[in-house]
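Peer 1: Before anything else, here's the structure in question.
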Amino acid sequence: MNKNKLDRLITERVVSDIHLYEEVGSTNDMAREFAKNLMAKGDNSRINELFVAELQSSGKGRLGRNWTSPSGTGIWMSMVTKLNMDGDRMPGVTLLAAMCVARVIGSTAIHTGIHNIDVKIKWPNDIVVNRKKICGILTELVSSPEGGGYVITGIGINVNTTHFPNDIRNKATSLLNESGVEWNREGLVVAIITMLSQYIKRYELEKNLDFILEDYNSLLVSRDQEVVLVDTAANLEKSERSEESYISRGIDNTGALLVEDEAGEIHRIISGEVSVRGILGYV
Ligand code: BT5
């Protein structure tokens, strides 16, 4: 990744600094250490700081799962943002990040004349293209005992990746695989981080997700379709699916997913409690 092409983020004051690494364990862990150090020093001045790596040797998903992050082909990045809201609003940041990634991929495709990219959000933290996973988001909170703290927004995007390990080959894809052309990683980083920092500021002010609701729901995969709920605490590959199916009705302004049961009753699913699957598989 060419740092000069990311510098616009600094000159336009979107982020205060960018840390670019050839190899790290996990950019979320780097960002977390950084946030902890800031808190230990009592330094409240920095707002956004970005950590980007070419390769992650132990990229993380949720609940201890792995994130495959091969060298030079993807975007593996984490943004540290000073928390100016209650920690319990943090799951909303995951949805904002998903929205930004989906919108930026969609608009980049249009501007470059690529028409075979159908980008959707799989609530709460996946972006899928042509029904396969192209991006995952891992948001973490570093809170201080005195209140306040930092949000770490980790974003992993398979951009120009051509090979995936066997265990994810059927459900993972990349922008190159789907479009047949290489994508510019720096351009995507600049556009996503610029949009995300604007969205986070607006979320802090408005304290709810009304401002993205319609747009988000229009991008939601399986909307108005049948879904089943899977216990995330169990191993997803082995877990039993619930017998009952629901109709996905989109998110509300807190970020919860609304699902309708057979009796027409609406249930709110809070991010992290369950995984939502289409009736035929991953999407
Ligand atoms: C996620 O978790 O999807 C969150 C991934 C976040 C990755 C970013 S990269 C920058 C930052 N630093 C980190 O260490 N992490 C963040 P989850 O919903 O739990 O999905 C994990 C599952 O996705 C795995 O169990 C695999 O099945 C699948 N998977 C792993 N690597 C993948 C990849 N490169 N592409 C698509 N699917 C993948």
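FYI, nothing fancy with the structure tokens labels: chains A, B, ... in order, residues from 1 per chain, ligands from 1 as they appear.
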Counting only C-alpha atoms and all ligand atoms, which residues in chain A sit no more than 6 Å from ligand 1? For each one, give the nearest pair of atoms and the distance in Å, sorted by chain then residue number, as CSV.
Peer 2:
residue,atom,partner,partner_atom_place_in_ligand_line,distance
A:Ser26,CA,ligand 1,14 (O),3.9
A:Thr27,CA,ligand 1,12 (N),4.4
A:Asn28,CA,ligand 1,12 (N),4.3
A:Gly59,CA,ligand 1,14 (O),3.5
A:Lys60,CA,ligand 1,14 (O),3.6
A:Gly61,CA,ligand 1,2 (O),3.3
A:Arg62,CA,ligand 1,19 (O),3.6
A:Arg65,CA,ligand 1,25 (O),4.9
A:Asn66,CA,ligand 1,24 (C),5.3
A:Trp67,CA,ligand 1,31 (N),3.6
A:Thr68,CA,ligand 1,31 (N),3.8
A:Ser69,CA,ligand 1,34 (N),5.6
A:Trp76,CA,ligand 1,10 (C),4.1
A:Met77,CA,ligand 1,10 (C),4.4
A:Ser78,CA,ligand 1,11 (C),5.5
A:Asp126,CA,ligand 1,3 (O),5.8
A:Lys133,CA,ligand 1,36 (C),4.9
A:Ile134,CA,ligand 1,36 (C),5.5
A:Gly136,CA,ligand 1,3 (O),3.3
A:Ile137,CA,ligand 1,4 (C),4.2
A:Leu138,CA,ligand 1,4 (C),4.5
A:Gly154,CA,ligand 1,11 (C),3.8
A:Ile155,CA,ligand 1,8 (C),4.3
A:Gly156,CA,ligand 1,9 (S),3.6
A:Asn158,CA,ligand 1,34 (N),5.9
A:Ile168,CA,ligand 1,27 (O),5.5
A:Ala172,CA,ligand 1,36 (C),4.2
Peer 1: Can you pull out every residue within 10 Å of Val181 in chain A, counting only C-alpha atoms, but drop anything in the same chain fewer than 5 positions away, and send it as a PyMOL selection string?
Peer 2: chain A and resi 114+160+175-176
Peer 1: Give the strand (DSSP E or B) residues of range 84-221 of chain A, as DSSP finds them on the backbone, and put them as an MDAnalysis selection string.
Peer 2: chainID A and resid 119:122 126:129 132:143 149:158 172 220
Peer 1: So the first atom is CA of Leu55 in chain A and the second is CA of Ile192 in chain A; what is the distance between them in Å, to one decimal place?
Peer 2: 19.5 Å
Peer 1: Report, in Å with one decimal, the straight-line distance from CA of Val52 in chain A to CA of Gly74 in chain A.
Peer 2: 10.4 Å
Peer 1: Enumerate as a PDB file with C-alpha atoms, in the first residue's frame all residues of range 45-95 of chain A assigned to alpha helix (DSSP H) by DSSP on the backbone, naming them with the chain letters and numbers the document uses.
Peer 2:
ATOM      1  CA  PRO A  91     -22.691  -1.727  18.035  1.00  0.00           C
ATOM      2  CA  GLY A  92     -24.186   1.046  15.893  1.00  0.00           C
ATOM      3  CA  VAL A  93     -20.647   1.883  14.725  1.00  0.00           C
ATOM      4  CA  THR A  94     -20.399  -1.632  13.211  1.00  0.00           C
ATOM      5  CA  LEU A  95     -23.503  -0.908  11.137  1.00  0.00           C
TER       6      LEU A  95
END
Peer 1: Give the answer as one residue: which of A:Leu219, A:Gly187, A:Arg169, A:Arg131 has the shortest atom-to-atom distance to Ala98 in chain A, using only C-alpha atoms?
Peer 2: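 Looking at the shortest contact to Ala98 in chain A, the residue is A:Leu219.
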Peer 1: Considering only C-alpha atoms, return as a PyMOL selection string whatever protein or nucleic-acid residues lie within 8 Å of Leu258 in chain A, sequence-local ones (same chain, fewer than 5 positions apart) excluded.
Peer 2: chain A and resi 248-252+266-269
Peer 1: Emit the selected residues as a PDB file, in the first residue's frame, including N, CA, C and O atoms.
Peer 2:
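again_22.pdb was written with the following content:
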ATOM      1  N   SER A 248     -37.081 -11.452   7.836  1.00  0.00           N
ATOM      2  CA  SER A 248     -36.248 -10.303   8.217  1.00  0.00           C
ATOM      3  C   SER A 248     -36.920  -9.014   7.739  1.00  0.00           C
ATOM      4  O   SER A 248     -37.283  -8.894   6.565  1.00  0.00           O
ATOM      5  N   ARG A 249     -37.101  -8.063   8.660  1.00  0.00           N
ATOM      6  CA  ARG A 249     -37.808  -6.828   8.301  1.00  0.00           C
ATOM      7  C   ARG A 249     -36.922  -5.582   8.336  1.00  0.00           C
ATOM      8  O   ARG A 249     -37.427  -4.463   8.304  1.00  0.00           O
ATOM      9  N   GLY A 250     -35.605  -5.757   8.490  1.00  0.00           N
ATOM     10  CA  GLY A 250     -34.729  -4.579   8.491  1.00  0.00           C
ATOM     11  C   GLY A 250     -34.406  -4.123   9.913  1.00  0.00           C
ATOM     12  O   GLY A 250     -34.976  -4.623  10.877  1.00  0.00           O
ATOM     13  N   ILE A 251     -33.496  -3.152  10.035  1.00  0.00           N
ATOM     14  CA  ILE A 251     -33.074  -2.696  11.369  1.00  0.00           C
ATOM     15  C   ILE A 251     -33.966  -1.555  11.861  1.00  0.00           C
ATOM     16  O   ILE A 251     -34.626  -0.877  11.073  1.00  0.00           O
ATOM     17  N   ASP A 252     -33.959  -1.332  13.188  1.00  0.00           N
ATOM     18  CA  ASP A 252     -34.584  -0.128  13.735  1.00  0.00           C
ATOM     19  C   ASP A 252     -33.482   0.901  14.015  1.00  0.00           C
ATOM     20  O   ASP A 252     -32.308   0.648  13.720  1.00  0.00           O
ATOM     21  N   ILE A 266     -43.325  -9.083  15.982  1.00  0.00           N
ATOM     22  CA  ILE A 266     -41.971  -8.614  15.660  1.00  0.00           C
ATOM     23  C   ILE A 266     -41.051  -8.798  16.872  1.00  0.00           C
ATOM     24  O   ILE A 266     -41.411  -8.454  18.000  1.00  0.00           O
ATOM     25  N   HIS A 267     -39.857  -9.356  16.637  1.00  0.00           N
ATOM     26  CA  HIS A 267     -38.854  -9.519  17.697  1.00  0.00           C
ATOM     27  C   HIS A 267     -37.637  -8.677  17.338  1.00  0.00           C
ATOM     28  O   HIS A 267     -37.260  -8.616  16.168  1.00  0.00           O
ATOM     29  N   ARG A 268     -37.017  -8.080  18.362  1.00  0.00           N
ATOM     30  CA  ARG A 268     -35.795  -7.298  18.128  1.00  0.00           C
ATOM     31  C   ARG A 268     -34.589  -8.177  18.435  1.00  0.00           C
ATOM     32  O   ARG A 268     -34.477  -8.704  19.528  1.00  0.00           O
ATOM     33  N   ILE A 269     -33.704  -8.314  17.465  1.00  0.00           N
ATOM     34  CA  ILE A 269     -32.499  -9.112  17.680  1.00  0.00           C
ATOM     35  C   ILE A 269     -31.344  -8.148  17.909  1.00  0.00           C
ATOM     36  O   ILE A 269     -31.044  -7.303  17.062  1.00  0.00           O
TER      37      ILE A 269
END
Peer 1: Closest to Met39 in chain A among A:Thr108, A:Asn116, A:Ser144, A:Asn84, using only C-alpha atoms?
Peer 2: A:Ser144
Peer 1: What's the 7 Å shell around range 99-103 of chain A, counting only C-alpha atoms, without same-chain residues fewer than 5 positions away, as a PyMOL selection string?
Peer 2: chain A and resi 119-121+127+192+195-196+216
Peer 1: Go through A:Ala31, A:Ala109, A:Val190, A:Val227 one by one, measure the shortest atom-to-atom distance of each to Glu260 in chain A using only C-alpha atoms, and give the residue with the smallest value.
Peer 2: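 Under the stated criterion, the closest residue is A:Val227.
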Peer 1: Determine, counting only C-alpha atoms, which protein, DNA and RNA residues have an atom within 10 Å of an atom of Ser71 in chain A; residues of the same chain fewer than 5 positions away are not included. Present the result as an mmCIF file with N, CA, C and O atoms, in the first residue's frame.
Peer 2:
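Generated file (around-v2.cif):
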data_model
loop_
_atom_site.group_PDB
_atom_site.id
_atom_site.type_symbol
_atom_site.label_atom_id
_atom_site.label_comp_id
_atom_site.auth_asym_id
_atom_site.auth_seq_id
_atom_site.Cartn_x
_atom_site.Cartn_y
_atom_site.Cartn_z
ATOM 1 N N GLU A 22 4.145 -3.501 7.407
ATOM 2 C CA GLU A 22 4.263 -4.628 6.483
ATOM 3 C C GLU A 22 3.541 -5.841 7.066
ATOM 4 O O GLU A 22 2.823 -6.539 6.385
ATOM 5 N N GLU A 23 3.775 -6.093 8.365
ATOM 6 C CA GLU A 23 3.171 -7.255 9.005
ATOM 7 C C GLU A 23 2.876 -6.965 10.471
ATOM 8 O O GLU A 23 3.717 -6.416 11.175
ATOM 9 N N ALA A 53 -2.306 -2.617 7.733
ATOM 10 C CA ALA A 53 -1.222 -3.593 7.544
ATOM 11 C C ALA A 53 -1.352 -4.279 6.194
ATOM 12 O O ALA A 53 -2.456 -4.488 5.693
ATOM 13 N N GLU A 54 -0.187 -4.641 5.616
ATOM 14 C CA GLU A 54 -0.201 -5.430 4.382
ATOM 15 C C GLU A 54 -0.578 -6.870 4.676
ATOM 16 O O GLU A 54 -1.207 -7.539 3.863
ATOM 17 N N LEU A 55 -0.130 -7.353 5.855
ATOM 18 C CA LEU A 55 -0.347 -8.756 6.232
ATOM 19 C C LEU A 55 -0.681 -8.820 7.709
ATOM 20 O O LEU A 55 -0.040 -8.146 8.516
ATOM 21 N N GLN A 56 -1.677 -9.623 8.071
ATOM 22 C CA GLN A 56 -1.942 -9.888 9.486
ATOM 23 C C GLN A 56 -1.664 -11.372 9.735
ATOM 24 O O GLN A 56 -2.250 -12.238 9.081
ATOM 25 N N SER A 57 -0.768 -11.647 10.698
ATOM 26 C CA SER A 57 -0.449 -13.052 10.959
ATOM 27 C C SER A 57 -1.486 -13.697 11.871
ATOM 28 O O SER A 57 -1.619 -14.905 11.899
ATOM 29 N N TRP A 76 -6.595 -4.421 5.453
ATOM 30 C CA TRP A 76 -6.713 -4.848 6.850
ATOM 31 C C TRP A 76 -6.424 -3.594 7.666
ATOM 32 O O TRP A 76 -5.279 -3.160 7.765
ATOM 33 N N THR A 161 -7.510 -10.416 -3.652
ATOM 34 C CA THR A 161 -7.178 -11.790 -3.237
ATOM 35 C C THR A 161 -7.706 -12.759 -4.296
ATOM 36 O O THR A 161 -8.828 -12.594 -4.789
#
Peer 1: Please indicate the distance in Å from CA of His115 in chain A to CA of Thr162 in chain A, rounded to one decimal place.
Peer 2: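 These atoms are spaced 19.7 Å apart.
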Peer 1: Rank A:Glu206, A:Asp7, A:Glu49, A:Asp43 by their smallest atom-to-atom distance to Thr254 in chain A, using only C-alpha atoms, and report the top residue only.
Peer 2: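 With only C-alpha atoms as the atom set, the closest residue is A:Glu206.
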Peer 1: Would you pick out the contacts of Ile193 in chain A at 8 Å or less, using only C-alpha atoms, so that residues sharing its chain but fewer than 4 positions from it are not included, and give the list as JSON, numbers by chain?
Peer 2: {"A": [9, 14, 189, 197]}
